[in-house]
There are 2 protein chains.
Amino acid sequence: MEQGTGEVFKVVPEGSITTPKGFTAGGLHCGLKKTTRHDLGAILCEVPAAAAGVYTLNRVQAAPIKVTKDSIANGGTLRAVLVNSGNANACTGKQGEEDAFQMRKSFADAAGVSEQEVAVASTGVIGELLKMDRVLDGIAGLPQRLGGTTSASEDFCQAILTTDLVQKMVCVSVEVDGKTVHVAGAAKGSGMIHPNMATMLGFVTTDVNIGRSSLQQLLGKATDLTFNMITVDGDTSTNDMLVAMASGLAGNHELTPSHPDYAAFAAALQYVCEVLAKAIARDGEGATKLIEVQVEGAESNRSARAIAKTIIGSSLVKSAVFGADANWGRIIAAAGRAGEPLNPDTVDIYLGEIETLKQSRPVVFDEDAALEYLKGDTVVIRVHLHLGEGQAIGWGCDLTYDYVRINAAYRT
Amino acid sequence: MEQGTGEVFKVVPEGSITTPKGFTAGGLHCGLKKTTRHDLGAILCEVPAAAAGVYTLNRVQAAPIKVTKDSIANGGTLRAVLVNSGNANACTGKQGEEDAFQMRKSFADAAGVSEQEVAVASTGVIGELLKMDRVLDGIAGLPQRLGGTTSASEDFCQAILTTDLVQKMVCVSVEVDGKTVHVAGAAKGSGMIHPNMATMLGFVTTDVNIGRSSLQQLLGKATDLTFNMITVDGDTSTNDMLVAMASGLAGNHELTPSHPDYAAFAAALQYVCEVLAKAIARDGEGATKLIEVQVEGAESNRSARAIAKTIIGSSLVKSAVFGADANWGRIIAAAGRAGEPLNPDTVDIYLGEIETLKQSRPVVFDEDAALEYLKGDTVVIRVHLHLGEGQAIGWGCDLTYDYVRINAAYRT
């Protein structure tokens with residue numbers, strides 16, 4: 001969990017996804033994972049929550065994506081999100097779709113909510129049918145496992161993990177109309193189950209009073225600057241999903257773009273997404289460190305984002321950072337192939353505070369200091385193009401022997 | 001060297017880049033590489049050769065790219081190509097540009113040709129100035145080292161390598177007007193010198209009589225289907241260059257699009273480019289095998305090419321092949337994120353002859369046979385989309401521990 005840097009919101013260190021009013025959460029082991037770790041979890045809201053969703057752009061989409069889209073499309077509110085790990089329910093055809101809808105119905109019945117108020121998410125193996133007897137048994141016992149404690153939230157966080165090494169959760173508070181509003185989130189990142197896929201799942205809870213379309217707009221904007229700015233290996237999963245639920249129980253006047261505290265809430269939401277996105281990047285498969293790429297002076301923000309993502313996605317840059325190699329040549333080459341405007345004679349490149357390239361010419365720098373810096377657990381690459389005002393930040397991780405080991409392992 | 005599969009041309013097993021009439025080649029060690037391997041080479045044509053070039057699209061382009069463009073733009077003929085390895089002469093500013101032009105002038109003087117008939121290519125370290133005293137000494141002695149033997153051609157091939165493990169050269173013959181025309185090529189692929197860059201350099205010699213614009217057109221088309229269909233790690237170098245020279249000494253009537261043997265020559269040229277491109281993919285950094293991705297049934301050829309390149313560039317697919325893992329889930333997920341039309345319910349995937357996915361549903365296959373197949377030195381992934389008539393083939397290599405080792409090595 002990171003310290004909040006903004007003035008308009010505060011990090012709640014002991015907060016969880018059930019800190020926002022109205023939410024409970026929990027998880028249990030139903031038997032989809034081979035270990036005894038939780039593999040089924042849910043977040044439940046005591047009132048219909050305004051809901052928004054962002055989904056994978058992959059043309060091959062898993063069955064639960066269809067179910068969640070259907071639920072959010074009908075009325076725009078959710079009472080619950082049901083998640084399983086251990087099986088992605090992707091490439092499972094008509095049966096997979098029926099199973100996903102069955103999961104929704106069974107949980108709705110068990111929790112006493114209506115079917116179309118339940119979202120479903122899955123992560124894990126592709127191409128295998130769910131063991132529905134285990135899933136349905138688990139669902140039947142799940143409502144009574146939900147609670148408002150941090151420990152219950154951690155049960156949920158465990159239930160959504162695949163091979164992530166750490167749980168990812170954050171909570172902040174922000175004032176709206178003088179009322180304290182909480183925004184919290186939980187996420188999972190790159191893990192794998194055979195035959196596997198790195199899937200990103202994210203869940204945001206808040207008690208702010210906000211309409212569905214405003215929430216969707218804010219979530220989309222926050223996603224562009226956070227989850228869409230991370231890359232572990234450039235592969236987009238069939239199951240990626242980010243869902244936000246707003247209970248409205250904080251008691252503020254409905255938040256709209258003209259509300260004086262709209263920007264403060266937007267900043268809080270973006271911060272929650274950023275913390276989760278960075279945590280996913282840092283915990284990328286085999287990663288030993290977080291890489292942050294800051295691009296400044298690009299022709300536009302859009303252009304800066306494209307350049308940042310090209311640098312953060314370069315296997316050569318990622319391996320160089322793993323090897324603590326101050327290899328600015330690979331950084332400028334990656335920037336140059338992003339397909340964006342760039343003056344090849346005016347590029348500056350910094351590694352942390354160490355300037356390595358100025359106006360596209362090498363700077364003599366202290367190699368020992370650079371080595372020491374690159375050995376740290378966070379490496380900031382800053383590129384200034386001196387072309388315009390566009391800027392962006394992207395996050396990723398190094399490319400390591402462990403990435404190859406994890407992903408070359410024969411399915412057993 | 002591979003066997004020719006076409007009917008219209010024949011592979012010349014003992015052929016080299018000096019087999020086409022009019023060409024000599026050679027190489028020597030001038031001192032840019034730390035080892036004693038050759039690092040300076042040239043191809044010389046006894047008459048002005050029609051010339052065509054294809055260059056990196058990276059916005060950061062090395063100085064020699066500028067020189068070669070200038071030479072080919074002026075008159076469209078070349079007498080020679082001069083190449084050094086050990087230093088890419090990239091990000092070297094005004095001095096680097098002066099050095100590249102100086103190389104051109106010095107070689108022109110030494111070989112007795114005009115300045116604008118010489119192309120220059122470099123590969124190696126980025127951001128360091130060339131040791132011009134060594135380069136100029138080398139150039140002075142180079143013309144007398146050029147010859148028409150296979151051994152002289154091999155000297156040239158060695159001079160353009162960085163950390164490539166094998167030399168890459170091929171020669172074919174094709175009948176035009178009943179005259180025997182030769183088309184030959186040499187290339188280098190992914191190597192590294194600190195701070196490094198994988199650079200692709202390719203050189204094609206032929207004695208066909210052809211105009212410059214026809215040659216440029218054929219070279220561009222062949223490049224799209226060969227060199228542009230390979231990927232080692234998705235990074236495009238600052239120095240990539242492919243140059244073709246046609247001496248015209250085969251004595252055929254000038255080859256134009258209406259010439260009856262135009263297609264035969266085009267096929268021969270494309271074959272030469274394909275052999276070199278595949279050799280580069282197979283010899284990619286750390287690679288243990290060649291991966292060929294065949295996409296069929298796409299909406300268009302362009303769409304098929306985009307999908308093939310996305311699959312061949314996927315780190316997850318590449319690591320799975322390294323691990324001999326029949327991981328079709330990663331293949332369909334990569335196809336789905338290519339941003340091209342795809343019906344998620346009609347995809348077939350084969351590994352060699354083994355069907356693993358039919359109409360997007362898993363097929364039970366012999367895992368032992370798949371493992372055995374994937375352990376081979378060439379893996380063919382075939383994806384049929386059942387959407388249209390578009391098809392494409394792309395080549396790449398597996399992602400291995402050695403790739404990470406090579407690219408994480410601290411510059412020493």
# chains A, B, ... in the order shown; residues from 1 in each chain; ligands from 1
$ interface_residues --of "chain A" --to "chain B" --cutoff "7 Å" --atoms "only C-alpha atoms" --output "ChimeraX atom specification"
/A:57-60,91-93,126-127,195-197,233,235-238,314-316,319-320,322-325,327,329-330,333-334,336-337,342,344,360-362,400-401,404,407-411
$ residues_around --residues "Gly394 (chain B)" --least-positions-apart "2" --cutoff "8 Å" --atoms "only C-alpha atoms" --output "list in words"
Thr226, Met229, Ile230, Glu292, Val293, Gln294, Arg305, Ala308, Lys309, Ile312, Ala392 and Gly396 of chain B
$ atom_distance --atom1 "CA of Ser258 (chain B)" --atom2 "CA of Val176 (chain B)"
12.6 Å
$ select_by_dssp --residues "region 164-299 of chain A" --states "helix (DSSP H, G or I)" --output "JSON, numbers by chain"
{"A": [212, 213, 214, 215, 216, 217, 218, 219, 220, 221, 222, 223, 224, 225, 227, 228, 229, 262, 263, 264, 265, 266, 267, 268, 269, 270, 271, 272, 273, 274, 275, 276, 277, 278, 279, 280, 281, 282]}
$ atom_distance --atom1 "CA of Gly202 (chain B)" --atom2 "CA of Gln95 (chain B)"
25.6 Å
$ atom_distance --atom1 "CA of Pro20 (chain B)" --atom2 "CA of Arg282 (chain B)"
26.3 Å
$ calpha_fit_and_write --fixed "chain A" --moving "chain B" --output "short mmCIF file (atom, residue, chain, number, x, y, z; two decimals) with C-alpha atoms, in the first residue's frame"
data_model
loop_
_atom_site.label_atom_id
_atom_site.label_comp_id
_atom_site.auth_asym_id
_atom_site.auth_seq_id
_atom_site.Cartn_x
_atom_site.Cartn_y
_atom_site.Cartn_z
CA MET B 1 0.08 0.01 0.04
CA GLU B 2 1.46 3.38 -0.98
CA GLN B 3 1.25 6.80 0.55
CA GLY B 4 -1.25 9.18 -1.02
CA THR B 5 0.39 12.12 -2.69
CA GLY B 6 -2.70 14.18 -3.47
CA GLU B 7 -4.06 16.91 -1.23
CA VAL B 8 -7.69 16.18 -2.03
CA PHE B 9 -7.90 12.65 -0.67
CA LYS B 10 -6.27 10.57 2.06
CA VAL B 11 -5.07 7.00 2.08
CA VAL B 12 -6.84 4.92 4.74
CA PRO B 13 -4.09 2.49 5.75
CA GLU B 14 -6.42 0.12 7.62
CA GLY B 15 -9.11 0.40 4.91
CA SER B 16 -10.39 -2.35 2.67
CA ILE B 17 -13.02 -2.90 -0.03
CA THR B 18 -15.66 -3.12 2.71
CA THR B 19 -14.77 0.26 4.23
CA PRO B 20 -17.15 2.10 1.86
CA LYS B 21 -20.61 1.94 3.43
CA GLY B 22 -22.88 -0.86 2.34
CA PHE B 23 -20.34 -3.46 1.25
CA THR B 24 -19.41 -6.89 2.55
CA ALA B 25 -17.00 -9.33 0.95
CA GLY B 26 -15.52 -12.76 1.45
CA GLY B 27 -14.12 -15.92 -0.09
CA LEU B 28 -13.81 -19.66 0.33
CA HIS B 29 -12.20 -22.73 -1.25
CA CYS B 30 -14.64 -24.63 -3.45
CA GLY B 31 -12.13 -26.91 -5.16
CA LEU B 32 -11.16 -25.30 -8.48
CA LYS B 33 -7.59 -24.69 -7.35
CA LYS B 34 -5.45 -27.69 -6.51
CA THR B 35 -4.14 -25.96 -3.40
CA THR B 36 -6.34 -25.11 -0.44
CA ARG B 37 -6.31 -21.41 -1.25
CA HIS B 38 -9.64 -19.67 -1.73
CA ASP B 39 -10.95 -19.82 -5.29
CA LEU B 40 -14.47 -18.38 -5.01
CA GLY B 41 -15.32 -14.93 -3.68
CA ALA B 42 -17.92 -12.22 -3.77
CA ILE B 43 -18.55 -8.58 -2.96
CA LEU B 44 -22.13 -7.80 -1.90
CA CYS B 45 -23.76 -4.39 -1.53
CA GLU B 46 -26.79 -3.96 0.76
CA VAL B 47 -28.42 -1.58 -1.72
CA PRO B 48 -28.40 -1.46 -5.53
CA ALA B 49 -25.06 0.15 -6.42
CA ALA B 50 -24.55 2.31 -9.50
CA ALA B 51 -22.23 0.17 -11.63
CA ALA B 52 -19.69 0.63 -14.39
CA GLY B 53 -17.47 -1.83 -16.22
CA VAL B 54 -14.47 -1.86 -18.51
CA TYR B 55 -13.64 -5.04 -20.41
CA THR B 56 -10.91 -6.71 -22.44
CA LEU B 57 -10.70 -5.61 -26.07
CA ASN B 58 -9.65 -9.12 -27.06
CA ARG B 59 -12.02 -10.46 -29.74
CA VAL B 60 -12.00 -13.75 -27.93
CA GLN B 61 -13.91 -13.02 -24.73
CA ALA B 62 -14.64 -15.44 -21.95
CA ALA B 63 -18.22 -16.36 -21.02
CA PRO B 64 -18.34 -14.32 -17.75
CA ILE B 65 -17.64 -11.12 -19.70
CA LYS B 66 -20.94 -11.65 -21.51
CA VAL B 67 -22.80 -12.22 -18.25
CA THR B 68 -21.39 -9.10 -16.57
CA LYS B 69 -22.12 -6.92 -19.60
CA ASP B 70 -25.67 -8.22 -19.55
CA SER B 71 -26.07 -7.44 -15.85
CA ILE B 72 -24.66 -3.92 -16.04
CA ALA B 73 -26.66 -3.16 -19.21
CA ASN B 74 -29.92 -3.99 -17.44
CA GLY B 75 -30.65 -1.10 -15.12
CA GLY B 76 -27.08 -0.07 -14.50
CA THR B 77 -26.97 -1.24 -10.91
CA LEU B 78 -25.30 -4.20 -9.24
CA ARG B 79 -25.79 -5.82 -5.88
CA ALA B 80 -22.87 -8.21 -6.20
CA VAL B 81 -19.81 -9.44 -8.03
CA LEU B 82 -19.05 -13.17 -7.98
CA VAL B 83 -15.52 -14.27 -8.90
CA ASN B 84 -13.79 -17.61 -9.29
CA SER B 85 -10.15 -18.37 -9.92
CA GLY B 86 -8.66 -21.67 -11.16
CA ASN B 87 -10.69 -21.70 -14.37
CA ALA B 88 -11.16 -18.83 -16.85
CA ASN B 89 -14.31 -20.31 -18.46
CA ALA B 90 -12.93 -19.17 -21.83
CA CYS B 91 -13.15 -21.12 -25.11
CA THR B 92 -15.78 -23.30 -23.45
CA GLY B 93 -18.53 -22.72 -26.01
CA LYS B 94 -22.25 -22.84 -25.31
CA GLN B 95 -21.81 -24.95 -22.17
CA GLY B 96 -19.42 -22.38 -20.73
CA GLU B 97 -21.93 -19.63 -21.33
CA GLU B 98 -24.69 -21.62 -19.66
CA ASP B 99 -22.40 -22.26 -16.71
CA ALA B 100 -21.62 -18.57 -16.31
CA PHE B 101 -25.30 -17.65 -16.36
CA GLN B 102 -25.99 -20.50 -13.92
CA MET B 103 -23.35 -19.07 -11.54
CA ARG B 104 -25.12 -15.73 -11.68
CA LYS B 105 -28.53 -17.21 -11.00
CA SER B 106 -27.36 -19.46 -8.18
CA PHE B 107 -25.57 -16.66 -6.36
CA ALA B 108 -28.55 -14.33 -6.83
CA ASP B 109 -30.82 -16.95 -5.28
CA ALA B 110 -28.43 -17.67 -2.41
CA ALA B 111 -27.91 -13.98 -1.63
CA GLY B 112 -31.54 -12.98 -2.16
CA VAL B 113 -30.88 -10.45 -4.91
CA SER B 114 -32.14 -10.34 -8.47
CA GLU B 115 -30.25 -12.17 -11.17
CA GLN B 116 -29.40 -9.13 -13.27
CA GLU B 117 -27.81 -7.41 -10.29
CA VAL B 118 -24.92 -9.90 -10.20
CA ALA B 119 -21.68 -9.59 -12.19
CA VAL B 120 -19.48 -12.64 -12.79
CA ALA B 121 -15.70 -12.79 -13.36
CA SER B 122 -13.37 -15.76 -13.86
CA THR B 123 -9.63 -16.31 -14.16
CA GLY B 124 -7.48 -19.40 -14.65
CA VAL B 125 -7.33 -22.27 -17.14
CA ILE B 126 -8.61 -21.67 -20.69
CA GLY B 127 -10.57 -24.32 -22.55
CA GLU B 128 -11.77 -26.47 -19.67
CA LEU B 129 -15.34 -26.64 -18.46
CA LEU B 130 -15.97 -25.53 -14.89
CA LYS B 131 -16.55 -28.22 -12.30
CA MET B 132 -20.00 -26.86 -11.71
CA ASP B 133 -20.86 -29.16 -8.79
CA ARG B 134 -18.00 -27.66 -6.81
CA VAL B 135 -18.84 -24.11 -7.92
CA LEU B 136 -22.53 -24.48 -6.98
CA ASP B 137 -21.68 -26.01 -3.60
CA GLY B 138 -19.37 -23.09 -2.99
CA ILE B 139 -21.92 -20.52 -4.03
CA ALA B 140 -24.53 -21.99 -1.68
CA GLY B 141 -22.22 -21.42 1.29
CA LEU B 142 -20.80 -18.09 0.17
CA PRO B 143 -23.36 -15.51 1.41
CA GLN B 144 -22.86 -16.46 5.05
CA ARG B 145 -19.10 -16.06 4.62
CA LEU B 146 -19.36 -12.42 3.62
CA GLY B 147 -18.48 -9.77 6.20
CA GLY B 148 -17.30 -6.22 6.69
CA THR B 149 -13.96 -6.96 8.34
CA THR B 150 -10.55 -6.51 6.77
CA SER B 151 -10.07 -10.23 7.15
CA ALA B 152 -13.18 -10.93 5.07
CA SER B 153 -11.87 -8.55 2.39
CA GLU B 154 -8.59 -10.43 2.42
CA ASP B 155 -10.49 -13.68 1.91
CA PHE B 156 -11.94 -12.11 -1.23
CA CYS B 157 -8.53 -10.92 -2.37
CA GLN B 158 -7.10 -14.40 -1.97
CA ALA B 159 -10.02 -15.92 -3.89
CA ILE B 160 -9.25 -13.89 -7.03
CA LEU B 161 -5.50 -14.63 -7.19
CA THR B 162 -3.90 -17.12 -9.53
CA THR B 163 -0.10 -17.03 -9.22
CA ASP B 164 0.10 -13.47 -8.00
CA LEU B 165 2.58 -13.34 -5.15
CA VAL B 166 0.82 -10.63 -3.15
CA GLN B 167 -2.72 -9.44 -2.58
CA LYS B 168 -3.60 -6.02 -3.98
CA MET B 169 -6.01 -3.75 -2.12
CA VAL B 170 -6.21 -0.03 -1.35
CA CYS B 171 -8.66 2.40 0.27
CA VAL B 172 -8.80 6.22 0.28
CA SER B 173 -11.19 8.81 1.66
CA VAL B 174 -12.27 12.08 0.10
CA GLU B 175 -14.66 14.83 1.21
CA VAL B 176 -17.78 15.41 -0.91
CA ASP B 177 -20.33 17.97 0.42
CA GLY B 178 -18.47 17.74 3.70
CA LYS B 179 -19.34 14.03 3.83
CA THR B 180 -16.56 11.47 4.01
CA VAL B 181 -16.62 9.26 0.93
CA HIS B 182 -14.52 6.10 0.68
CA VAL B 183 -13.15 4.63 -2.52
CA ALA B 184 -11.51 1.21 -2.34
CA GLY B 185 -10.27 -1.37 -4.80
CA ALA B 186 -8.93 -4.89 -5.11
CA ALA B 187 -7.21 -6.44 -8.09
CA LYS B 188 -5.31 -9.42 -9.37
CA GLY B 189 -2.63 -9.43 -12.03
CA SER B 190 -0.52 -11.75 -14.04
CA GLY B 191 -0.73 -15.26 -12.83
CA MET B 192 -0.98 -18.53 -14.61
CA ILE B 193 -2.78 -21.77 -14.54
CA HIS B 194 -2.21 -24.30 -17.29
CA PRO B 195 -2.88 -23.65 -20.18
CA ASN B 196 -2.64 -20.22 -18.91
CA MET B 197 -3.21 -16.56 -19.37
CA ALA B 198 -2.36 -13.50 -17.40
CA THR B 199 -5.70 -12.02 -16.46
CA MET B 200 -6.28 -8.64 -14.90
CA LEU B 201 -9.33 -8.37 -12.67
CA GLY B 202 -10.13 -5.20 -10.72
CA PHE B 203 -12.99 -4.32 -8.40
CA VAL B 204 -13.72 -0.86 -7.02
CA THR B 205 -16.18 -0.17 -4.21
CA THR B 206 -17.29 3.27 -3.07
CA ASP B 207 -20.12 4.72 -1.03
CA VAL B 208 -20.32 7.93 -3.03
CA ASN B 209 -23.70 8.88 -4.44
CA ILE B 210 -23.16 9.02 -8.20
CA GLY B 211 -25.12 8.22 -11.34
CA ARG B 212 -24.19 5.30 -13.51
CA SER B 213 -23.08 7.28 -16.54
CA SER B 214 -20.85 9.60 -14.51
CA LEU B 215 -19.30 6.57 -12.83
CA GLN B 216 -18.73 4.90 -16.20
CA GLN B 217 -17.12 8.04 -17.56
CA LEU B 218 -14.81 8.47 -14.56
CA LEU B 219 -13.90 4.79 -14.56
CA GLY B 220 -13.04 4.88 -18.26
CA LYS B 221 -10.87 7.94 -17.82
CA ALA B 222 -9.09 6.51 -14.78
CA THR B 223 -8.52 3.22 -16.65
CA ASP B 224 -6.88 5.01 -19.58
CA LEU B 225 -4.35 6.59 -17.24
CA THR B 226 -3.73 3.58 -15.00
CA PHE B 227 -4.71 0.02 -15.96
CA ASN B 228 -4.28 0.82 -19.66
CA MET B 229 -0.80 2.19 -18.96
CA ILE B 230 0.66 -1.03 -17.57
CA THR B 231 2.09 -3.94 -19.45
CA VAL B 232 3.67 -7.12 -18.24
CA ASP B 233 4.19 -8.87 -21.56
CA GLY B 234 1.93 -7.20 -24.09
CA ASP B 235 -0.58 -10.02 -24.08
CA THR B 236 -4.20 -9.04 -23.49
CA SER B 237 -6.27 -11.66 -21.74
CA THR B 238 -9.65 -13.02 -22.77
CA ASN B 239 -10.96 -12.30 -19.25
CA ASP B 240 -9.78 -8.80 -18.26
CA MET B 241 -12.47 -6.91 -16.38
CA LEU B 242 -12.73 -3.89 -14.10
CA VAL B 243 -16.01 -3.30 -12.29
CA ALA B 244 -16.93 -0.37 -10.01
CA MET B 245 -19.88 -0.26 -7.64
CA ALA B 246 -21.12 2.88 -5.85
CA SER B 247 -23.57 2.30 -2.98
CA GLY B 248 -24.46 5.99 -2.55
CA LEU B 249 -24.60 5.52 1.24
CA ALA B 250 -22.11 8.29 2.01
CA GLY B 251 -25.06 10.67 1.85
CA ASN B 252 -23.64 13.32 -0.47
CA HIS B 253 -25.71 15.09 -3.09
CA GLU B 254 -25.45 13.14 -6.32
CA LEU B 255 -22.03 13.66 -7.84
CA THR B 256 -22.24 15.14 -11.36
CA PRO B 257 -19.60 16.89 -13.49
CA SER B 258 -20.84 20.27 -12.17
CA HIS B 259 -20.50 19.23 -8.52
CA PRO B 260 -17.63 21.19 -6.84
CA ASP B 261 -16.14 17.96 -5.44
CA TYR B 262 -16.32 16.03 -8.71
CA ALA B 263 -12.63 16.53 -9.42
CA ALA B 264 -11.65 15.46 -5.92
CA PHE B 265 -13.58 12.21 -6.24
CA ALA B 266 -12.12 11.67 -9.72
CA ALA B 267 -8.63 12.10 -8.27
CA ALA B 268 -9.38 9.62 -5.48
CA LEU B 269 -10.74 7.06 -7.95
CA GLN B 270 -7.76 7.50 -10.25
CA TYR B 271 -5.39 7.08 -7.30
CA VAL B 272 -7.07 3.81 -6.30
CA CYS B 273 -6.76 2.53 -9.87
CA GLU B 274 -3.13 3.69 -10.07
CA VAL B 275 -2.10 1.92 -6.86
CA LEU B 276 -3.69 -1.31 -8.07
CA ALA B 277 -2.21 -0.98 -11.57
CA LYS B 278 1.29 -0.38 -10.23
CA ALA B 279 0.91 -3.30 -7.83
CA ILE B 280 -0.01 -5.53 -10.79
CA ALA B 281 3.03 -4.32 -12.77
CA ARG B 282 5.38 -4.84 -9.84
CA ASP B 283 3.98 -8.34 -9.30
CA GLY B 284 4.20 -9.26 -13.00
CA GLU B 285 5.29 -12.79 -13.78
CA GLY B 286 8.91 -13.23 -12.76
CA ALA B 287 9.37 -9.52 -12.09
CA THR B 288 12.02 -8.31 -9.67
CA LYS B 289 11.15 -4.62 -9.93
CA LEU B 290 8.68 -1.96 -11.00
CA ILE B 291 9.63 0.17 -14.01
CA GLU B 292 7.99 3.58 -14.38
CA VAL B 293 8.38 5.36 -17.72
CA GLN B 294 7.69 9.10 -17.75
CA VAL B 295 7.42 10.75 -21.16
CA GLU B 296 7.43 14.55 -21.38
CA GLY B 297 7.53 17.07 -24.20
CA ALA B 298 5.63 14.89 -26.65
CA GLU B 299 3.35 16.34 -29.30
CA SER B 300 0.24 15.37 -27.31
CA ASN B 301 -0.74 13.34 -24.27
CA ARG B 302 -1.98 10.60 -26.59
CA SER B 303 1.38 10.52 -28.35
CA ALA B 304 3.20 10.48 -25.00
CA ARG B 305 1.09 7.50 -23.89
CA ALA B 306 1.95 5.56 -27.07
CA ILE B 307 5.66 6.23 -26.60
CA ALA B 308 5.59 5.33 -22.90
CA LYS B 309 3.82 2.05 -23.67
CA THR B 310 6.30 1.18 -26.43
CA ILE B 311 9.25 1.72 -24.09
CA ILE B 312 7.66 -0.15 -21.19
CA GLY B 313 6.78 -3.01 -23.54
CA SER B 314 10.22 -3.40 -25.12
CA SER B 315 11.77 -6.77 -24.29
CA LEU B 316 15.22 -5.24 -24.79
CA VAL B 317 14.54 -2.41 -22.32
CA LYS B 318 12.97 -4.83 -19.84
CA SER B 319 15.94 -7.23 -19.96
CA ALA B 320 18.42 -4.35 -19.64
CA VAL B 321 16.68 -3.17 -16.46
CA PHE B 322 16.75 -6.73 -15.11
CA GLY B 323 20.50 -6.72 -15.77
CA ALA B 324 20.89 -3.23 -14.20
CA ASP B 325 22.29 -2.06 -17.54
CA ALA B 326 22.05 1.72 -18.14
CA ASN B 327 21.18 1.00 -21.75
CA TRP B 328 19.75 4.26 -23.07
CA GLY B 329 20.32 3.11 -26.67
CA ARG B 330 17.44 0.66 -26.33
CA ILE B 331 15.23 3.32 -24.77
CA ILE B 332 15.68 5.84 -27.59
CA ALA B 333 15.32 3.10 -30.19
CA ALA B 334 12.01 2.00 -28.62
CA ALA B 335 10.80 5.60 -28.53
CA GLY B 336 11.74 5.97 -32.18
CA ARG B 337 9.73 2.97 -33.31
CA ALA B 338 6.53 3.97 -31.51
CA GLY B 339 5.25 5.53 -34.73
CA GLU B 340 4.79 8.91 -33.03
CA PRO B 341 6.33 12.32 -33.82
CA LEU B 342 9.86 12.54 -32.44
CA ASN B 343 12.79 14.77 -33.31
CA PRO B 344 15.78 12.43 -33.35
CA ASP B 345 18.10 15.28 -32.34
CA THR B 346 16.32 16.58 -29.20
CA VAL B 347 15.80 13.60 -26.92
CA ASP B 348 16.89 13.62 -23.26
CA ILE B 349 16.89 10.39 -21.25
CA TYR B 350 17.23 10.09 -17.47
CA LEU B 351 17.49 6.98 -15.30
CA GLY B 352 16.20 8.29 -11.98
CA GLU B 353 18.16 11.52 -11.55
CA ILE B 354 21.02 10.38 -13.77
CA GLU B 355 21.11 12.04 -17.18
CA THR B 356 22.34 9.60 -19.82
CA LEU B 357 21.36 11.33 -23.06
CA LYS B 358 21.01 15.05 -23.72
CA GLN B 359 19.73 16.37 -27.04
CA SER B 360 20.23 12.83 -28.39
CA ARG B 361 23.94 12.78 -27.53
CA PRO B 362 25.46 10.50 -24.88
CA VAL B 363 26.29 12.12 -21.54
CA VAL B 364 29.25 10.81 -19.55
CA PHE B 365 27.69 9.61 -16.31
CA ASP B 366 28.77 7.76 -13.19
CA GLU B 367 28.34 4.11 -14.17
CA ASP B 368 28.61 2.93 -10.56
CA ALA B 369 25.85 5.26 -9.46
CA ALA B 370 23.70 4.10 -12.38
CA LEU B 371 24.31 0.45 -11.51
CA GLU B 372 23.40 1.11 -7.89
CA TYR B 373 20.22 2.92 -8.95
CA LEU B 374 19.15 0.20 -11.39
CA LYS B 375 19.60 -2.47 -8.73
CA GLY B 376 16.79 -0.87 -6.70
CA ASP B 377 13.26 -2.23 -6.64
CA THR B 378 11.81 0.70 -8.59
CA VAL B 379 13.39 2.19 -11.72
CA VAL B 380 12.16 5.45 -13.22
CA ILE B 381 12.98 6.10 -16.87
CA ARG B 382 12.31 9.70 -17.90
CA VAL B 383 12.30 10.70 -21.56
CA HIS B 384 11.93 14.32 -22.65
CA LEU B 385 11.25 14.88 -26.36
CA HIS B 386 11.28 18.71 -26.41
CA LEU B 387 8.56 18.72 -29.02
CA GLY B 388 5.38 19.82 -27.26
CA GLU B 389 3.46 19.68 -23.99
CA GLY B 390 2.28 16.06 -24.08
CA GLN B 391 3.08 13.85 -21.13
CA ALA B 392 2.27 10.38 -19.81
CA ILE B 393 3.37 7.80 -17.28
CA GLY B 394 3.41 4.06 -17.84
CA TRP B 395 4.35 1.13 -15.62
CA GLY B 396 5.78 -2.30 -16.23
CA CYS B 397 8.33 -4.75 -14.93
CA ASP B 398 11.62 -6.31 -15.90
CA LEU B 399 11.98 -9.39 -18.12
CA THR B 400 13.70 -12.12 -16.14
CA TYR B 401 14.76 -15.75 -16.21
CA ASP B 402 11.75 -16.42 -14.00
CA TYR B 403 9.37 -15.01 -16.61
CA VAL B 404 10.70 -17.58 -19.08
CA ARG B 405 10.70 -20.34 -16.43
CA ILE B 406 7.10 -19.63 -15.40
CA ASN B 407 5.83 -19.45 -18.96
CA ALA B 408 7.86 -22.27 -20.46
CA ALA B 409 6.75 -24.76 -17.83
CA TYR B 410 5.05 -27.69 -19.46
CA ARG B 411 1.45 -28.06 -18.37
CA THR B 412 1.41 -30.88 -15.83
#
